[in-house]
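Q: Before anything else, here's the structure in question.
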Amino acid sequence: MDTNPHTLTIAGKTYRSRLLVGTGKYKDFAETRAAIDASGAQIVTVAIRRMNIGQNPDEPNLLDALPPAQFTILPNTAGCYTAEEAVRTLRLARELLEGHPLCKLEVLGDPQTLFPNMPETLKAAQTLVKEGFQVMVYCADDPIQTKMLEEIGCVAVMPLASLIGSGMGIVNPWNLRLIIDNAKVPVLVDAGVGTASDAAVAMELGCDGVLMNTAIAHAKNPVLMASAMRKAVEAGREAFFAGRMPRKYYSADPSSPTSGLIGS
């Protein structure tokens, strides 16, 4: 786990922001850029099968709005359902990004839930790590399988909080804590965040960061929501390091002293 409350280190590189954001579902590239600026994110993830970063020279290029000189581009394999598809997609991304090794692996199980296919995810991770990729991996909130991904050599594990795009927040905080307590690589919540309080809860649990897209892009005001998410991630991380007071069920503890009262 990253021990500095103010920075996030992934694959040996340090970032000021612990909020990672996606680039899809916005009305145009101008809104994308405005929201990302408001979020303070330095790592932005791009679905290679859905977004043009140079593979289609006749279409607008996302990298014109989000230059790699200003942001760390995190190519992802959204829309891939087999290890073979995912590996092929990230090989293309590395070529387009001139050898950039950092990537986000996701291999989906079905188009309805977008839940990860863990056998295919593990298979793809093994191949990608052997080929020199620095793999951040979307996965089930399963402490055993996240440990397997870490042992393969993934640089970060990214368990879902709830289904992609659902906005349901963290539905199983206990599994997340098991993963966090057992991990030696960064743990980032990926998928399911709906609003700022969800992001704060993830950070208060001890997550190293949060990745989101729909929660910002589908908000009524994406730029304002991006700003809220930035503050929530920062506040949640500070609260985690501050250490919350213990819960005292059925036992009140008054804020004011009870001794030396007038008339006592």
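In the structure tokens, chains take letters A, B, ... by order of appearance, with residues numbered from 1 within each chain and ligands from 1 in the order shown.
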Enumerate the residues of segment 105-229 of chain A with a DSSP assignment of strand (DSSP E), computed from the backbone, and present them as a VMD selection string.
A: chain A and resid 105 134 to 139 156 to 159 188 to 190 209 to 212
Q: Quick one: residues within 12 Å of Phe29 of chain A, only C-alpha atoms counted, chain neighbours fewer than 2 positions away excluded, as a PyMOL selection string?
A: chain A and resi 23-27+31-36+51-52+60-66+217
Q: Please, could you write that set of residues out with C-alpha atoms as an mmCIF file, in the first residue's frame?
A:
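The result, written out as selection-v3.cif:
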data_model
loop_
_atom_site.group_PDB
_atom_site.id
_atom_site.type_symbol
_atom_site.label_atom_id
_atom_site.label_comp_id
_atom_site.auth_asym_id
_atom_site.auth_seq_id
_atom_site.Cartn_x
_atom_site.Cartn_y
_atom_site.Cartn_z
ATOM 1 C CA THR A 23 -12.457 9.531 -21.561
ATOM 2 C CA GLY A 24 -15.666 8.048 -22.988
ATOM 3 C CA LYS A 25 -19.345 9.072 -22.880
ATOM 4 C CA TYR A 26 -18.788 12.840 -23.015
ATOM 5 C CA LYS A 27 -20.622 14.957 -25.588
ATOM 6 C CA GLU A 31 -16.202 18.584 -22.421
ATOM 7 C CA THR A 32 -13.822 15.662 -21.923
ATOM 8 C CA ARG A 33 -10.891 18.012 -21.438
ATOM 9 C CA ALA A 34 -12.820 20.403 -19.174
ATOM 10 C CA ALA A 35 -13.954 17.566 -16.902
ATOM 11 C CA ILE A 36 -10.513 16.021 -16.706
ATOM 12 C CA MET A 51 -11.661 5.760 -29.154
ATOM 13 C CA ASN A 52 -9.309 7.013 -31.861
ATOM 14 C CA PRO A 60 -10.684 13.310 -34.649
ATOM 15 C CA ASN A 61 -7.822 12.164 -32.428
ATOM 16 C CA LEU A 62 -8.329 12.162 -28.655
ATOM 17 C CA LEU A 63 -4.627 12.845 -28.172
ATOM 18 C CA ASP A 64 -5.105 16.310 -29.671
ATOM 19 C CA ALA A 65 -7.333 17.131 -26.677
ATOM 20 C CA LEU A 66 -5.284 15.152 -24.146
ATOM 21 C CA ALA A 217 -19.571 11.828 -17.786
#
Q: If you count only C-alpha atoms, which residues fall within 12 Å of Glu95 of chain A, apart from same-chain ones fewer than 6 positions away, as a PDB file with C-alpha atoms, in the first residue's frame?
A:
ATOM      1  CA  ILE A  48      -8.623   1.465 -27.709  1.00  0.00           C
ATOM      2  CA  ILE A  53      -5.744   7.721 -30.762  1.00  0.00           C
ATOM      3  CA  GLY A  54      -4.275   7.532 -34.248  1.00  0.00           C
ATOM      4  CA  GLN A  55      -5.452   4.189 -35.602  1.00  0.00           C
ATOM      5  CA  PRO A  75      -4.925   2.323 -22.880  1.00  0.00           C
ATOM      6  CA  ARG A  88      -3.823  -8.000 -29.468  1.00  0.00           C
ATOM      7  CA  THR A  89      -5.497  -4.694 -28.535  1.00  0.00           C
ATOM      8  CA  PRO A 101       4.135   0.008 -21.440  1.00  0.00           C
TER       9      PRO A 101
END
Q: Nearest residue to Asn76 of chain A out of A:Glu59, A:Glu98, A:Glu106, A:Asp142, using only C-alpha atoms?
A: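 For Asn76 of chain A, the nearest of the candidates is A:Glu106.
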Q: Excluding Leu149 of chain A and its own-chain neighbours fewer than 4 positions away, which residues fall within 10 Å of it when counting only C-alpha atoms? Please give them as a list of chain:residue names.
A: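 Once the adjacent positions are removed, what remains is A:Met118, A:Thr121, A:Leu122, A:Lys123, A:Ala125, A:Gln126, A:Val135, A:Met136, A:Val137, A:Cys139, A:Ile144, A:Gln145, A:Gly153, A:Cys154, A:Val155, A:Ala156, A:Val157.
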Q: Mind dumping the selected residues with N, CA and C atoms as an mmCIF file, in the first residue's frame?
A:
data_model
loop_
_atom_site.group_PDB
_atom_site.id
_atom_site.type_symbol
_atom_site.label_atom_id
_atom_site.label_comp_id
_atom_site.auth_asym_id
_atom_site.auth_seq_id
_atom_site.Cartn_x
_atom_site.Cartn_y
_atom_site.Cartn_z
ATOM 1 N N MET A 118 -12.505 -13.903 -15.134
ATOM 2 C CA MET A 118 -11.234 -14.007 -14.432
ATOM 3 C C MET A 118 -10.277 -15.039 -15.029
ATOM 4 N N THR A 121 -8.777 -13.229 -17.853
ATOM 5 C CA THR A 121 -7.983 -12.114 -17.333
ATOM 6 C C THR A 121 -6.622 -12.596 -16.853
ATOM 7 N N LEU A 122 -6.599 -13.673 -16.100
ATOM 8 C CA LEU A 122 -5.333 -14.235 -15.607
ATOM 9 C C LEU A 122 -4.450 -14.680 -16.767
ATOM 10 N N LYS A 123 -5.046 -15.295 -17.763
ATOM 11 C CA LYS A 123 -4.303 -15.759 -18.940
ATOM 12 C C LYS A 123 -3.670 -14.582 -19.680
ATOM 13 N N ALA A 125 -3.044 -11.572 -18.479
ATOM 14 C CA ALA A 125 -2.048 -10.919 -17.623
ATOM 15 C C ALA A 125 -0.698 -11.623 -17.715
ATOM 16 N N GLN A 126 -0.707 -12.939 -17.717
ATOM 17 C CA GLN A 126 0.546 -13.692 -17.823
ATOM 18 C C GLN A 126 1.281 -13.350 -19.107
ATOM 19 N N VAL A 135 0.994 -3.859 -16.153
ATOM 20 C CA VAL A 135 -0.429 -4.160 -16.233
ATOM 21 C C VAL A 135 -1.173 -3.739 -14.972
ATOM 22 N N MET A 136 -2.119 -2.828 -15.153
ATOM 23 C CA MET A 136 -3.119 -2.532 -14.136
ATOM 24 C C MET A 136 -4.359 -3.317 -14.559
ATOM 25 N N VAL A 137 -5.000 -4.023 -13.634
ATOM 26 C CA VAL A 137 -5.973 -5.009 -14.077
ATOM 27 C C VAL A 137 -7.322 -4.882 -13.374
ATOM 28 N N CYS A 139 -10.678 -6.383 -12.160
ATOM 29 C CA CYS A 139 -10.886 -7.753 -11.701
ATOM 30 C C CYS A 139 -12.054 -7.829 -10.724
ATOM 31 N N ILE A 144 -8.412 -13.907 -3.383
ATOM 32 C CA ILE A 144 -7.512 -14.952 -3.879
ATOM 33 C C ILE A 144 -7.030 -14.625 -5.286
ATOM 34 N N GLN A 145 -7.955 -14.227 -6.145
ATOM 35 C CA GLN A 145 -7.572 -13.945 -7.527
ATOM 36 C C GLN A 145 -6.787 -12.643 -7.659
ATOM 37 N N GLY A 153 2.645 -10.468 -11.588
ATOM 38 C CA GLY A 153 3.474 -9.298 -11.845
ATOM 39 C C GLY A 153 2.711 -8.052 -12.228
ATOM 40 N N CYS A 154 1.391 -8.041 -12.043
ATOM 41 C CA CYS A 154 0.610 -6.833 -12.319
ATOM 42 C C CYS A 154 1.035 -5.715 -11.374
ATOM 43 N N VAL A 155 1.062 -4.489 -11.875
ATOM 44 C CA VAL A 155 1.558 -3.364 -11.071
ATOM 45 C C VAL A 155 0.461 -2.748 -10.209
ATOM 46 N N ALA A 156 -0.814 -3.087 -10.467
ATOM 47 C CA ALA A 156 -1.932 -2.621 -9.647
ATOM 48 C C ALA A 156 -3.117 -3.533 -9.905
ATOM 49 N N VAL A 157 -3.905 -3.770 -8.859
ATOM 50 C CA VAL A 157 -5.149 -4.521 -9.020
ATOM 51 C C VAL A 157 -6.316 -3.563 -8.827
#
Q: Write out as a ChimeraX atom specification all residues of segment 9-258 of chain A that DSSP puts in alpha helix (DSSP H) for this structure's backbone.
A: /A:29-39,62-65,83-96,118-130,143-152,173-182,196-205,214-217,222-242
Q: Give me, please, the distance in Å between atom CA of Asp37 of chain A and atom CA of Gly99 of chain A, quoted to one decimal.
A: 25.7 Å
Q: So which residues touch Arg177 of chain A within 12 Å, counting only C-alpha atoms, skipping near sequence neighbours fewer than 2 positions away, as a ChimeraX atom specification?
A: /A:1,141-143,159,161,170,172-175,179-183,187-189,201-208
Q: Those selected residues, please, written with N, CA, C and O atoms and delivered as a tab-separated table (two decimals), in the first residue's frame.
A:
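Just written: selection21.tsv:
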chain	number	residue	atom	x	y	z
A	1	MET	N	0.84	-1.20	0.00
A	1	MET	CA	0.00	0.00	0.00
A	1	MET	C	0.87	1.24	0.00
A	1	MET	O	1.90	1.30	0.67
A	141	ASP	N	-13.82	-8.66	-7.10
A	141	ASP	CA	-13.38	-8.33	-5.74
A	141	ASP	C	-13.14	-9.63	-4.96
A	141	ASP	O	-13.74	-9.88	-3.91
A	142	ASP	N	-12.22	-10.43	-5.46
A	142	ASP	CA	-11.90	-11.75	-4.93
A	142	ASP	C	-10.47	-11.70	-4.39
A	142	ASP	O	-9.52	-11.57	-5.17
A	143	PRO	N	-10.26	-11.80	-3.09
A	143	PRO	CA	-8.92	-11.68	-2.52
A	143	PRO	C	-7.94	-12.72	-3.04
A	143	PRO	O	-6.73	-12.44	-3.14
A	159	PRO	N	-10.16	-3.98	-8.34
A	159	PRO	CA	-11.44	-4.67	-8.15
A	159	PRO	C	-12.63	-3.74	-8.35
A	159	PRO	O	-12.57	-2.56	-8.00
A	161	ALA	N	-16.18	-2.07	-7.59
A	161	ALA	CA	-17.00	-1.77	-6.41
A	161	ALA	C	-18.40	-2.31	-6.61
A	161	ALA	O	-19.04	-2.80	-5.69
A	170	ILE	N	-20.06	1.02	-3.43
A	170	ILE	CA	-19.33	-0.14	-2.94
A	170	ILE	C	-20.31	-1.10	-2.28
A	170	ILE	O	-20.85	-0.82	-1.21
A	172	ASN	N	-19.58	-4.38	-1.51
A	172	ASN	CA	-18.94	-5.36	-0.63
A	172	ASN	C	-17.65	-4.79	-0.05
A	172	ASN	O	-16.54	-5.15	-0.48
A	173	PRO	N	-17.76	-3.89	0.93
A	173	PRO	CA	-16.56	-3.29	1.51
A	173	PRO	C	-15.66	-4.30	2.21
A	173	PRO	O	-14.45	-4.09	2.30
A	174	TRP	N	-16.23	-5.40	2.69
A	174	TRP	CA	-15.42	-6.37	3.43
A	174	TRP	C	-14.42	-7.05	2.51
A	174	TRP	O	-13.27	-7.27	2.89
A	175	ASN	N	-14.83	-7.41	1.31
A	175	ASN	CA	-13.89	-8.00	0.37
A	175	ASN	C	-12.79	-7.02	-0.01
A	175	ASN	O	-11.62	-7.39	-0.14
A	179	ILE	N	-8.71	-7.50	0.37
A	179	ILE	CA	-7.76	-7.30	-0.73
A	179	ILE	C	-6.71	-6.28	-0.34
A	179	ILE	O	-5.50	-6.49	-0.54
A	180	ILE	N	-7.13	-5.17	0.22
A	180	ILE	CA	-6.21	-4.09	0.60
A	180	ILE	C	-5.21	-4.58	1.64
A	180	ILE	O	-4.00	-4.34	1.54
A	181	ASP	N	-5.70	-5.29	2.65
A	181	ASP	CA	-4.83	-5.72	3.74
A	181	ASP	C	-3.80	-6.75	3.29
A	181	ASP	O	-2.75	-6.91	3.94
A	182	ASN	N	-4.07	-7.42	2.17
A	182	ASN	CA	-3.20	-8.50	1.71
A	182	ASN	C	-2.33	-8.11	0.52
A	182	ASN	O	-1.51	-8.91	0.06
A	183	ALA	N	-2.51	-6.88	0.01
A	183	ALA	CA	-1.84	-6.49	-1.23
A	183	ALA	C	-0.51	-5.78	-0.98
A	183	ALA	O	-0.38	-5.02	-0.02
A	187	VAL	N	-4.04	-0.80	-4.79
A	187	VAL	CA	-5.40	-1.30	-5.00
A	187	VAL	C	-6.27	-0.09	-5.33
A	187	VAL	O	-6.37	0.85	-4.54
A	188	LEU	N	-6.89	-0.12	-6.50
A	188	LEU	CA	-7.75	0.98	-6.93
A	188	LEU	C	-9.14	0.44	-7.23
A	188	LEU	O	-9.29	-0.56	-7.92
A	189	VAL	N	-10.15	1.10	-6.70
A	189	VAL	CA	-11.52	0.73	-7.04
A	189	VAL	C	-11.79	1.13	-8.48
A	189	VAL	O	-11.47	2.24	-8.90
A	201	VAL	N	-15.71	6.91	0.44
A	201	VAL	CA	-15.75	5.64	1.18
A	201	VAL	C	-14.64	4.72	0.70
A	201	VAL	O	-13.96	4.07	1.51
A	202	ALA	N	-14.42	4.63	-0.60
A	202	ALA	CA	-13.35	3.78	-1.13
A	202	ALA	C	-12.00	4.18	-0.55
A	202	ALA	O	-11.20	3.33	-0.14
A	203	MET	N	-11.76	5.48	-0.49
A	203	MET	CA	-10.47	5.95	0.02
A	203	MET	C	-10.38	5.75	1.53
A	203	MET	O	-9.31	5.43	2.06
A	204	GLU	N	-11.49	5.92	2.24
A	204	GLU	CA	-11.48	5.71	3.69
A	204	GLU	C	-11.24	4.25	4.04
A	204	GLU	O	-10.69	3.94	5.10
A	205	LEU	N	-11.62	3.34	3.16
A	205	LEU	CA	-11.34	1.92	3.37
A	205	LEU	C	-9.85	1.60	3.24
A	205	LEU	O	-9.40	0.56	3.71
A	206	GLY	N	-9.11	2.49	2.58
A	206	GLY	CA	-7.68	2.26	2.39
A	206	GLY	C	-7.26	2.04	0.97
A	206	GLY	O	-6.10	1.70	0.71
A	207	CYS	N	-8.18	2.20	0.01
A	207	CYS	CA	-7.80	2.07	-1.39
A	207	CYS	C	-6.76	3.14	-1.74
A	207	CYS	O	-6.75	4.24	-1.19
A	208	ASP	N	-5.89	2.80	-2.68
A	208	ASP	CA	-4.85	3.73	-3.11
A	208	ASP	C	-5.35	4.74	-4.13
A	208	ASP	O	-4.71	5.77	-4.34
Q: Which one of A:Gly167, A:Pro222, A:Gly132, A:Pro186 sits closest to Thr146 of chain A if you count only C-alpha atoms?
A: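 Of A:Gly167, A:Pro222, A:Gly132, A:Pro186, the one nearest Thr146 of chain A is A:Pro186, counting only C-alpha atoms.
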Q: Between atom CA of His100 of chain A and atom CA of Ala11 of chain A, what distance in Å does the model show, to one decimal?
A: 12.2 Å
Q: Write out as a CSV table (one decimal) with N, CA and C atoms, in the first residue's frame the residues lying within 10 Å of segment 234-244 of chain A, counting only C-alpha atoms and excluding same-chain residues fewer than 2 positions away.
A:
chain,number,residue,atom,x,y,z
A,3,THR,N,2.2,4.7,1.1
A,3,THR,CA,2.2,5.2,2.4
A,3,THR,C,2.2,6.7,2.5
A,4,ASN,N,2.3,7.4,1.3
A,4,ASN,CA,2.2,8.8,1.3
A,4,ASN,C,0.8,9.3,1.0
A,5,PRO,N,0.2,10.1,1.9
A,5,PRO,CA,-1.3,10.4,1.7
A,5,PRO,C,-1.5,11.3,0.5
A,6,HIS,N,-0.5,12.0,0.0
A,6,HIS,CA,-0.7,13.0,-1.1
A,6,HIS,C,-0.3,12.5,-2.5
A,17,SER,N,-2.2,13.0,-8.2
A,17,SER,CA,-3.7,12.7,-8.0
A,17,SER,C,-3.9,11.2,-7.9
A,18,ARG,N,-4.8,10.9,-7.0
A,18,ARG,CA,-5.2,9.5,-6.8
A,18,ARG,C,-6.5,9.2,-7.5
A,19,LEU,N,-7.0,10.1,-8.3
A,19,LEU,CA,-8.2,9.9,-9.1
A,19,LEU,C,-7.8,9.7,-10.5
A,196,ALA,N,-19.8,11.4,-5.2
A,196,ALA,CA,-18.6,11.7,-4.5
A,196,ALA,C,-18.4,10.9,-3.2
A,197,SER,N,-19.6,10.7,-2.5
A,197,SER,CA,-19.5,9.9,-1.2
A,197,SER,C,-19.0,8.5,-1.5
A,198,ASP,N,-19.3,7.9,-2.6
A,198,ASP,CA,-18.7,6.6,-2.9
A,198,ASP,C,-17.2,6.6,-3.1
A,199,ALA,N,-16.7,7.6,-3.7
A,199,ALA,CA,-15.3,7.7,-3.8
A,199,ALA,C,-14.6,7.9,-2.5
A,200,ALA,N,-15.2,8.8,-1.6
A,200,ALA,CA,-14.7,9.0,-0.3
A,200,ALA,C,-14.6,7.7,0.5
A,201,VAL,N,-15.7,6.9,0.4
A,201,VAL,CA,-15.7,5.6,1.2
A,201,VAL,C,-14.6,4.7,0.7
A,202,ALA,N,-14.4,4.6,-0.6
A,202,ALA,CA,-13.3,3.8,-1.1
A,202,ALA,C,-12.0,4.2,-0.6
A,203,MET,N,-11.8,5.5,-0.5
A,203,MET,CA,-10.5,5.9,0.0
A,203,MET,C,-10.4,5.7,1.5
A,204,GLU,N,-11.5,5.9,2.2
A,204,GLU,CA,-11.5,5.7,3.7
A,204,GLU,C,-11.2,4.2,4.0
A,205,LEU,N,-11.6,3.3,3.2
A,205,LEU,CA,-11.3,1.9,3.4
A,205,LEU,C,-9.9,1.6,3.2
A,206,GLY,N,-9.1,2.5,2.6
A,206,GLY,CA,-7.7,2.3,2.4
A,206,GLY,C,-7.3,2.0,1.0
A,207,CYS,N,-8.2,2.2,0.0
A,207,CYS,CA,-7.8,2.1,-1.4
A,207,CYS,C,-6.8,3.1,-1.7
A,208,ASP,N,-5.9,2.8,-2.7
A,208,ASP,CA,-4.8,3.7,-3.1
A,208,ASP,C,-5.3,4.7,-4.1
A,209,GLY,N,-6.5,4.4,-4.8
A,209,GLY,CA,-7.0,5.3,-5.8
A,209,GLY,C,-8.3,4.8,-6.2
A,229,MET,N,-15.5,15.0,-7.3
A,229,MET,CA,-14.8,13.7,-7.1
A,229,MET,C,-13.3,13.9,-6.7
A,230,ARG,N,-12.8,15.0,-7.2
A,230,ARG,CA,-11.4,15.3,-6.8
A,230,ARG,C,-11.3,15.5,-5.3
A,231,LYS,N,-12.2,16.3,-4.8
A,231,LYS,CA,-12.2,16.7,-3.4
A,231,LYS,C,-12.5,15.5,-2.5
A,232,ALA,N,-13.5,14.6,-3.0
A,232,ALA,CA,-13.8,13.4,-2.3
A,232,ALA,C,-12.7,12.5,-2.1
A,246,PRO,N,-12.8,5.5,17.3
A,246,PRO,CA,-13.5,4.2,17.4
A,246,PRO,C,-15.0,4.4,17.5
A,247,ARG,N,-15.7,3.4,16.9
A,247,ARG,CA,-17.2,3.4,17.1
A,247,ARG,C,-17.5,2.9,18.5
